[in-house]
Amino acid sequence: MKSILCKIFAAGAAFTFGFAFCFWFMTADLLPEGSTQASAGLPEKAGEPVLVIDAGHGGFDSGASAADGTEEKNLNLAIALQLKQVASSYPVHTVMTRESDTALCSGELGAKKREDLLRRKEIMQEADADLAVSIHLNSYPQDPSVYGAQVFYPEGEKKNESSSLGSKDFAESVQAALEEEISDGRERKAMKKSDILLFQNPPCTIILVECGFLSCPEEAGKLQEAEYQRQLAEAIWQGINEKLCLPLKKKIPVTDSINTQKNN
């Protein structure tokens with residue numbers, strides 16, 4: 001009798017293990033192509049990776065200006081919103097530091113700029129960001145012929161022990177993507193920087209992208225074009241995702257009330 005019971009128990013255990021293995025094998029194939037349980041090189045945590053998109057300046061702080069009076073703050077926001085839209089096609093959670101022409105401060109005039117920058121860092125901290133991208137434009141009136149996008153990362157940054165990626169990795173990847181996608185005849189390399197508040201004890205992996213020079217009349221004209229802003233945003237995302245390795249979201253077919261299929 002004991003022998004029969006042992007055989008029945010062993011058969012049941014084998015069936016259970018076999019079913020569990022088959023179920024795991026089948027469901028593993030249902031994952032989007034190229035996806036992993038955690039984004040490549042990032043510390044594993046629940047949910048999607050978090051990207052904070054910081055549109056530089058805003059409100060009282062207009063930033064640099066072009067010869068025609070175009071203000072940096074508005075173009076920064078336009079490019080940042082384009083980047084958010086491009087990223088929305090991927091499984092990443094985006095957080096904007098601002099989505100309108102506002103400053104993130106309420107203090108006295110002399111302390112407003114510092115308060116604004118500290119609040120941006122607080123947003124990155126509160127969002128538990130995996131990466132923050134601050135969008136800016138450059139200016140060098142002494143030589144209007146200087147042009148081109150430049151990516152910066154914090155000097156002396158210590159990598160997160162649970163991640164193989166740091167700000168320099170993302171900065172170099174984004175710079176390479178900009179060089180590839182924005183054919184402007186010049187080459188730049190990502191550079192380290194230490195003299196800005198956002199890079200002092202950064203709350204997360206962070207890069208700053210100077211998308212071009214408002215002091216260069218030709219480039220200033222391009223930067224005001226929605227199509228060029230989109231091109232910049234796509235290149236920035238391409239460089240980011242070169243490291244994140246996120247797959248495009250699959251479109252799910254839905255049927256409307258008159259039984260015609262559409263794609264979300």
# chains A, B, ... in the order shown; residues from 1 in each chain; ligands from 1
>>> residues_around(residues="stretch 215-231 of chain A", least_positions_apart="3", cutoff="8 Å", atoms="only C-alpha atoms", output="ChimeraX atom specification")
/A:65-67,75,78-79,82-83,138-141,143-148,181-182,212,234-235
>>> select_by_dssp(residues="stretch 97-218 of chain A", states="strand (DSSP E or B)", output="number ranges by chain")
A: 131-138, 150-154, 191-193, 206-213
>>> closest_residue(among="A:Ala111, A:Leu197, A:Ile240, A:Leu214", to="A:Lys168", atoms="only C-alpha atoms")
A:Ile240
>>> residues_around(residues="A:Arg120", least_positions_apart="5", cutoff="8 Å", atoms="only C-alpha atoms", output="ChimeraX atom specification")
/A:54,97,104
>>> write_last_selection(atoms="all heavy atoms", output="PDB file, in the first residue's frame")
ATOM      1  N   ASP A  54      13.206  67.926 -17.563  1.00  0.00           N
ATOM      2  CA  ASP A  54      13.276  69.274 -16.984  1.00  0.00           C
ATOM      3  C   ASP A  54      13.442  70.313 -18.088  1.00  0.00           C
ATOM      4  O   ASP A  54      14.492  70.393 -18.718  1.00  0.00           O
ATOM      5  CB  ASP A  54      14.448  69.339 -16.005  1.00  0.00           C
ATOM      6  CG  ASP A  54      14.689  70.746 -15.478  1.00  0.00           C
ATOM      7  OD1 ASP A  54      13.697  71.438 -15.181  1.00  0.00           O
ATOM      8  OD2 ASP A  54      15.866  71.149 -15.377  1.00  0.00           O
ATOM      9  N   THR A  97       9.115  68.654 -14.918  1.00  0.00           N
ATOM     10  CA  THR A  97       9.272  69.636 -13.837  1.00  0.00           C
ATOM     11  C   THR A  97       8.363  70.837 -14.070  1.00  0.00           C
ATOM     12  O   THR A  97       7.962  71.505 -13.118  1.00  0.00           O
ATOM     13  CB  THR A  97      10.726  70.114 -13.711  1.00  0.00           C
ATOM     14  OG1 THR A  97      11.165  70.662 -14.961  1.00  0.00           O
ATOM     15  CG2 THR A  97      11.642  68.973 -13.306  1.00  0.00           C
ATOM     16  N   LEU A 104       9.523  77.635 -10.628  1.00  0.00           N
ATOM     17  CA  LEU A 104       9.213  76.766  -9.498  1.00  0.00           C
ATOM     18  C   LEU A 104       9.690  77.405  -8.202  1.00  0.00           C
ATOM     19  O   LEU A 104      10.485  76.843  -7.453  1.00  0.00           O
ATOM     20  CB  LEU A 104       9.856  75.393  -9.686  1.00  0.00           C
ATOM     21  CG  LEU A 104       9.169  74.425 -10.650  1.00  0.00           C
ATOM     22  CD1 LEU A 104       9.186  74.931 -12.082  1.00  0.00           C
ATOM     23  CD2 LEU A 104       9.819  73.052 -10.578  1.00  0.00           C
TER      24      LEU A 104
END
>>> residues_around(residues="A:Leu208", least_positions_apart="3", cutoff="12 Å", atoms="only C-alpha atoms", output="PDB file with N, CA, C and O atoms, in the first residue's frame")
ATOM      1  N   VAL A  52      12.626  61.885 -15.582  1.00  0.00           N
ATOM      2  CA  VAL A  52      12.215  63.264 -15.302  1.00  0.00           C
ATOM      3  C   VAL A  52      12.747  64.153 -16.418  1.00  0.00           C
ATOM      4  O   VAL A  52      13.940  64.142 -16.717  1.00  0.00           O
ATOM      5  N   ILE A  53      11.834  64.910 -17.045  1.00  0.00           N
ATOM      6  CA  ILE A  53      12.206  65.822 -18.128  1.00  0.00           C
ATOM      7  C   ILE A  53      12.085  67.251 -17.598  1.00  0.00           C
ATOM      8  O   ILE A  53      11.006  67.698 -17.214  1.00  0.00           O
ATOM      9  N   ASP A  54      13.206  67.926 -17.563  1.00  0.00           N
ATOM     10  CA  ASP A  54      13.276  69.274 -16.984  1.00  0.00           C
ATOM     11  C   ASP A  54      13.442  70.313 -18.088  1.00  0.00           C
ATOM     12  O   ASP A  54      14.492  70.393 -18.718  1.00  0.00           O
ATOM     13  N   ALA A  55      12.397  71.097 -18.322  1.00  0.00           N
ATOM     14  CA  ALA A  55      12.485  72.213 -19.270  1.00  0.00           C
ATOM     15  C   ALA A  55      13.131  73.388 -18.544  1.00  0.00           C
ATOM     16  O   ALA A  55      12.525  73.994 -17.656  1.00  0.00           O
ATOM     17  N   GLY A  56      14.355  73.715 -18.896  1.00  0.00           N
ATOM     18  CA  GLY A  56      15.104  74.747 -18.185  1.00  0.00           C
ATOM     19  C   GLY A  56      14.458  76.119 -18.227  1.00  0.00           C
ATOM     20  O   GLY A  56      13.767  76.474 -19.180  1.00  0.00           O
ATOM     21  N   ASN A  76      12.883  75.630 -24.806  1.00  0.00           N
ATOM     22  CA  ASN A  76      13.179  74.504 -23.913  1.00  0.00           C
ATOM     23  C   ASN A  76      11.925  73.685 -23.645  1.00  0.00           C
ATOM     24  O   ASN A  76      11.937  72.452 -23.692  1.00  0.00           O
ATOM     25  N   ALA A  80      11.095  69.835 -24.648  1.00  0.00           N
ATOM     26  CA  ALA A  80      10.804  68.918 -23.542  1.00  0.00           C
ATOM     27  C   ALA A  80       9.475  68.207 -23.750  1.00  0.00           C
ATOM     28  O   ALA A  80       9.347  66.998 -23.503  1.00  0.00           O
ATOM     29  N   LEU A 131      16.514  58.527 -14.268  1.00  0.00           N
ATOM     30  CA  LEU A 131      17.299  59.456 -15.083  1.00  0.00           C
ATOM     31  C   LEU A 131      16.563  60.780 -15.180  1.00  0.00           C
ATOM     32  O   LEU A 131      15.335  60.805 -15.307  1.00  0.00           O
ATOM     33  N   ALA A 132      17.291  61.883 -15.120  1.00  0.00           N
ATOM     34  CA  ALA A 132      16.724  63.209 -15.356  1.00  0.00           C
ATOM     35  C   ALA A 132      17.457  63.837 -16.531  1.00  0.00           C
ATOM     36  O   ALA A 132      18.683  63.726 -16.646  1.00  0.00           O
ATOM     37  N   VAL A 133      16.692  64.482 -17.411  1.00  0.00           N
ATOM     38  CA  VAL A 133      17.250  65.168 -18.576  1.00  0.00           C
ATOM     39  C   VAL A 133      16.816  66.621 -18.523  1.00  0.00           C
ATOM     40  O   VAL A 133      15.617  66.916 -18.550  1.00  0.00           O
ATOM     41  N   SER A 134      17.778  67.526 -18.397  1.00  0.00           N
ATOM     42  CA  SER A 134      17.469  68.945 -18.352  1.00  0.00           C
ATOM     43  C   SER A 134      17.737  69.545 -19.733  1.00  0.00           C
ATOM     44  O   SER A 134      18.833  69.425 -20.279  1.00  0.00           O
ATOM     45  N   ILE A 135      16.706  70.176 -20.298  1.00  0.00           N
ATOM     46  CA  ILE A 135      16.772  70.718 -21.654  1.00  0.00           C
ATOM     47  C   ILE A 135      17.072  72.210 -21.613  1.00  0.00           C
ATOM     48  O   ILE A 135      16.366  72.985 -20.959  1.00  0.00           O
ATOM     49  N   HIS A 136      18.110  72.626 -22.338  1.00  0.00           N
ATOM     50  CA  HIS A 136      18.526  74.032 -22.374  1.00  0.00           C
ATOM     51  C   HIS A 136      18.965  74.413 -23.791  1.00  0.00           C
ATOM     52  O   HIS A 136      19.089  73.562 -24.671  1.00  0.00           O
ATOM     53  N   LEU A 137      19.228  75.720 -23.973  1.00  0.00           N
ATOM     54  CA  LEU A 137      19.843  76.229 -25.197  1.00  0.00           C
ATOM     55  C   LEU A 137      21.045  77.069 -24.810  1.00  0.00           C
ATOM     56  O   LEU A 137      21.067  77.676 -23.735  1.00  0.00           O
ATOM     57  N   ASN A 138      22.011  77.121 -25.684  1.00  0.00           N
ATOM     58  CA  ASN A 138      23.263  77.807 -25.411  1.00  0.00           C
ATOM     59  C   ASN A 138      23.294  79.184 -26.070  1.00  0.00           C
ATOM     60  O   ASN A 138      22.430  79.512 -26.886  1.00  0.00           O
ATOM     61  N   ALA A 149      24.622  71.047 -30.771  1.00  0.00           N
ATOM     62  CA  ALA A 149      24.160  70.529 -29.478  1.00  0.00           C
ATOM     63  C   ALA A 149      25.330  69.978 -28.663  1.00  0.00           C
ATOM     64  O   ALA A 149      26.264  69.402 -29.204  1.00  0.00           O
ATOM     65  N   GLN A 150      25.234  70.148 -27.349  1.00  0.00           N
ATOM     66  CA  GLN A 150      26.287  69.685 -26.443  1.00  0.00           C
ATOM     67  C   GLN A 150      25.643  69.074 -25.202  1.00  0.00           C
ATOM     68  O   GLN A 150      24.731  69.662 -24.621  1.00  0.00           O
ATOM     69  N   VAL A 151      26.119  67.887 -24.813  1.00  0.00           N
ATOM     70  CA  VAL A 151      25.570  67.194 -23.644  1.00  0.00           C
ATOM     71  C   VAL A 151      26.588  67.231 -22.502  1.00  0.00           C
ATOM     72  O   VAL A 151      27.786  67.024 -22.710  1.00  0.00           O
ATOM     73  N   PHE A 152      26.093  67.487 -21.291  1.00  0.00           N
ATOM     74  CA  PHE A 152      26.939  67.576 -20.105  1.00  0.00           C
ATOM     75  C   PHE A 152      26.502  66.557 -19.048  1.00  0.00           C
ATOM     76  O   PHE A 152      25.334  66.173 -18.991  1.00  0.00           O
ATOM     77  N   TYR A 153      27.435  66.160 -18.197  1.00  0.00           N
ATOM     78  CA  TYR A 153      27.150  65.266 -17.078  1.00  0.00           C
ATOM     79  C   TYR A 153      27.952  65.742 -15.865  1.00  0.00           C
ATOM     80  O   TYR A 153      28.954  66.452 -16.009  1.00  0.00           O
ATOM     81  N   PRO A 154      27.532  65.365 -14.651  1.00  0.00           N
ATOM     82  CA  PRO A 154      28.213  65.856 -13.443  1.00  0.00           C
ATOM     83  C   PRO A 154      29.635  65.324 -13.318  1.00  0.00           C
ATOM     84  O   PRO A 154      29.886  64.140 -13.531  1.00  0.00           O
ATOM     85  N   SER A 167      25.651  58.842 -15.210  1.00  0.00           N
ATOM     86  CA  SER A 167      25.322  60.008 -16.046  1.00  0.00           C
ATOM     87  C   SER A 167      26.218  60.099 -17.271  1.00  0.00           C
ATOM     88  O   SER A 167      25.764  60.445 -18.363  1.00  0.00           O
ATOM     89  N   LYS A 168      27.492  59.781 -17.103  1.00  0.00           N
ATOM     90  CA  LYS A 168      28.420  59.844 -18.236  1.00  0.00           C
ATOM     91  C   LYS A 168      27.998  58.902 -19.348  1.00  0.00           C
ATOM     92  O   LYS A 168      28.065  59.245 -20.534  1.00  0.00           O
ATOM     93  N   PHE A 170      24.960  57.863 -20.138  1.00  0.00           N
ATOM     94  CA  PHE A 170      23.813  58.416 -20.854  1.00  0.00           C
ATOM     95  C   PHE A 170      24.221  59.641 -21.670  1.00  0.00           C
ATOM     96  O   PHE A 170      23.752  59.833 -22.794  1.00  0.00           O
ATOM     97  N   ALA A 171      25.077  60.478 -21.102  1.00  0.00           N
ATOM     98  CA  ALA A 171      25.514  61.686 -21.814  1.00  0.00           C
ATOM     99  C   ALA A 171      26.234  61.328 -23.110  1.00  0.00           C
ATOM    100  O   ALA A 171      25.973  61.922 -24.166  1.00  0.00           O
ATOM    101  N   GLU A 172      27.123  60.362 -23.046  1.00  0.00           N
ATOM    102  CA  GLU A 172      27.869  59.954 -24.243  1.00  0.00           C
ATOM    103  C   GLU A 172      26.948  59.339 -25.281  1.00  0.00           C
ATOM    104  O   GLU A 172      27.105  59.568 -26.489  1.00  0.00           O
ATOM    105  N   VAL A 174      23.642  59.952 -25.663  1.00  0.00           N
ATOM    106  CA  VAL A 174      22.795  61.010 -26.239  1.00  0.00           C
ATOM    107  C   VAL A 174      23.605  61.885 -27.187  1.00  0.00           C
ATOM    108  O   VAL A 174      23.131  62.255 -28.270  1.00  0.00           O
ATOM    109  N   GLN A 175      24.849  62.207 -26.805  1.00  0.00           N
ATOM    110  CA  GLN A 175      25.698  63.013 -27.692  1.00  0.00           C
ATOM    111  C   GLN A 175      25.934  62.283 -29.019  1.00  0.00           C
ATOM    112  O   GLN A 175      25.860  62.886 -30.096  1.00  0.00           O
ATOM    113  N   ALA A 190      30.529  64.445 -25.282  1.00  0.00           N
ATOM    114  CA  ALA A 190      29.917  64.783 -24.004  1.00  0.00           C
ATOM    115  C   ALA A 190      30.988  65.299 -23.054  1.00  0.00           C
ATOM    116  O   ALA A 190      32.116  64.807 -23.035  1.00  0.00           O
ATOM    117  N   MET A 191      30.618  66.295 -22.265  1.00  0.00           N
ATOM    118  CA  MET A 191      31.590  66.934 -21.374  1.00  0.00           C
ATOM    119  C   MET A 191      31.107  66.922 -19.925  1.00  0.00           C
ATOM    120  O   MET A 191      29.913  67.020 -19.656  1.00  0.00           O
ATOM    121  N   LYS A 192      32.057  66.816 -19.005  1.00  0.00           N
ATOM    122  CA  LYS A 192      31.720  66.894 -17.586  1.00  0.00           C
ATOM    123  C   LYS A 192      31.626  68.356 -17.157  1.00  0.00           C
ATOM    124  O   LYS A 192      32.270  69.235 -17.747  1.00  0.00           O
ATOM    125  N   LYS A 193      30.811  68.608 -16.146  1.00  0.00           N
ATOM    126  CA  LYS A 193      30.572  69.979 -15.704  1.00  0.00           C
ATOM    127  C   LYS A 193      30.300  69.948 -14.202  1.00  0.00           C
ATOM    128  O   LYS A 193      29.706  68.997 -13.693  1.00  0.00           O
ATOM    129  N   SER A 194      30.733  70.980 -13.490  1.00  0.00           N
ATOM    130  CA  SER A 194      30.554  70.975 -12.036  1.00  0.00           C
ATOM    131  C   SER A 194      29.991  72.285 -11.482  1.00  0.00           C
ATOM    132  O   SER A 194      29.673  72.354 -10.292  1.00  0.00           O
ATOM    133  N   ILE A 196      27.167  73.956 -11.955  1.00  0.00           N
ATOM    134  CA  ILE A 196      25.729  74.255 -11.945  1.00  0.00           C
ATOM    135  C   ILE A 196      25.082  73.523 -10.765  1.00  0.00           C
ATOM    136  O   ILE A 196      25.498  72.423 -10.385  1.00  0.00           O
ATOM    137  N   LEU A 197      24.052  74.137 -10.200  1.00  0.00           N
ATOM    138  CA  LEU A 197      23.429  73.623  -8.986  1.00  0.00           C
ATOM    139  C   LEU A 197      22.807  72.240  -9.197  1.00  0.00           C
ATOM    140  O   LEU A 197      22.843  71.391  -8.300  1.00  0.00           O
ATOM    141  N   LEU A 198      22.238  71.993 -10.364  1.00  0.00           N
ATOM    142  CA  LEU A 198      21.604  70.703 -10.631  1.00  0.00           C
ATOM    143  C   LEU A 198      22.591  69.548 -10.519  1.00  0.00           C
ATOM    144  O   LEU A 198      22.206  68.415 -10.213  1.00  0.00           O
ATOM    145  N   PHE A 199      23.860  69.831 -10.775  1.00  0.00           N
ATOM    146  CA  PHE A 199      24.879  68.790 -10.759  1.00  0.00           C
ATOM    147  C   PHE A 199      25.581  68.650  -9.411  1.00  0.00           C
ATOM    148  O   PHE A 199      26.449  67.801  -9.245  1.00  0.00           O
ATOM    149  N   PRO A 202      23.704  65.457  -7.106  1.00  0.00           N
ATOM    150  CA  PRO A 202      22.494  65.169  -7.884  1.00  0.00           C
ATOM    151  C   PRO A 202      21.670  64.054  -7.250  1.00  0.00           C
ATOM    152  O   PRO A 202      22.230  63.080  -6.722  1.00  0.00           O
ATOM    153  N   THR A 205      20.752  59.887 -11.523  1.00  0.00           N
ATOM    154  CA  THR A 205      21.525  59.998 -12.750  1.00  0.00           C
ATOM    155  C   THR A 205      20.945  61.152 -13.558  1.00  0.00           C
ATOM    156  O   THR A 205      19.727  61.255 -13.725  1.00  0.00           O
ATOM    157  N   CYS A 211      20.713  72.201 -26.546  1.00  0.00           N
ATOM    158  CA  CYS A 211      20.247  71.736 -27.863  1.00  0.00           C
ATOM    159  C   CYS A 211      20.743  72.581 -29.036  1.00  0.00           C
ATOM    160  O   CYS A 211      20.486  72.229 -30.198  1.00  0.00           O
ATOM    161  N   ILE A 236      17.482  62.659 -28.776  1.00  0.00           N
ATOM    162  CA  ILE A 236      17.742  62.554 -27.337  1.00  0.00           C
ATOM    163  C   ILE A 236      17.189  61.236 -26.798  1.00  0.00           C
ATOM    164  O   ILE A 236      17.867  60.514 -26.059  1.00  0.00           O
TER     165      ILE A 236
END
>>> select_by_dssp(residues="stretch 149-225 of chain A", states="helix (DSSP H, G or I)", output="MDAnalysis selection string")
chainID A and resid 167:181 197:199 217:223
>>> write_last_selection(atoms="C-alpha atoms", output="mmCIF file, in the first residue's frame")
data_model
loop_
_atom_site.group_PDB
_atom_site.id
_atom_site.type_symbol
_atom_site.label_atom_id
_atom_site.label_comp_id
_atom_site.auth_asym_id
_atom_site.auth_seq_id
_atom_site.Cartn_x
_atom_site.Cartn_y
_atom_site.Cartn_z
ATOM 1 C CA SER A 167 25.322 60.008 -16.046
ATOM 2 C CA LYS A 168 28.420 59.844 -18.236
ATOM 3 C CA ASP A 169 27.094 56.731 -19.987
ATOM 4 C CA PHE A 170 23.813 58.416 -20.854
ATOM 5 C CA ALA A 171 25.514 61.686 -21.814
ATOM 6 C CA GLU A 172 27.869 59.954 -24.243
ATOM 7 C CA SER A 173 25.021 57.945 -25.743
ATOM 8 C CA VAL A 174 22.795 61.010 -26.239
ATOM 9 C CA GLN A 175 25.698 63.013 -27.692
ATOM 10 C CA ALA A 176 26.415 60.201 -30.174
ATOM 11 C CA ALA A 177 22.742 60.070 -31.196
ATOM 12 C CA LEU A 178 22.651 63.837 -31.737
ATOM 13 C CA GLU A 179 25.799 63.632 -33.869
ATOM 14 C CA GLU A 180 24.224 60.861 -35.936
ATOM 15 C CA GLU A 181 20.724 62.301 -36.338
ATOM 16 C CA LEU A 197 23.429 73.623 -8.986
ATOM 17 C CA LEU A 198 21.604 70.703 -10.631
ATOM 18 C CA PHE A 199 24.879 68.790 -10.759
ATOM 19 C CA PRO A 217 21.170 83.132 -36.399
ATOM 20 C CA GLU A 218 20.848 80.056 -38.621
ATOM 21 C CA GLU A 219 20.557 77.619 -35.734
ATOM 22 C CA ALA A 220 18.214 79.946 -33.825
ATOM 23 C CA GLY A 221 15.871 79.814 -36.822
ATOM 24 C CA LYS A 222 15.914 76.010 -36.859
ATOM 25 C CA LEU A 223 15.314 75.786 -33.117
#
>>> closest_residue(among="A:Glu210, A:Glu48, A:Asp116, A:Glu122", to="A:Ala64", atoms="only C-alpha atoms")
A:Glu210
>>> closest_residue(among="A:Glu242, A:Glu99, A:His93, A:Trp237", to="A:Leu81", atoms="only C-alpha atoms")
A:Glu99
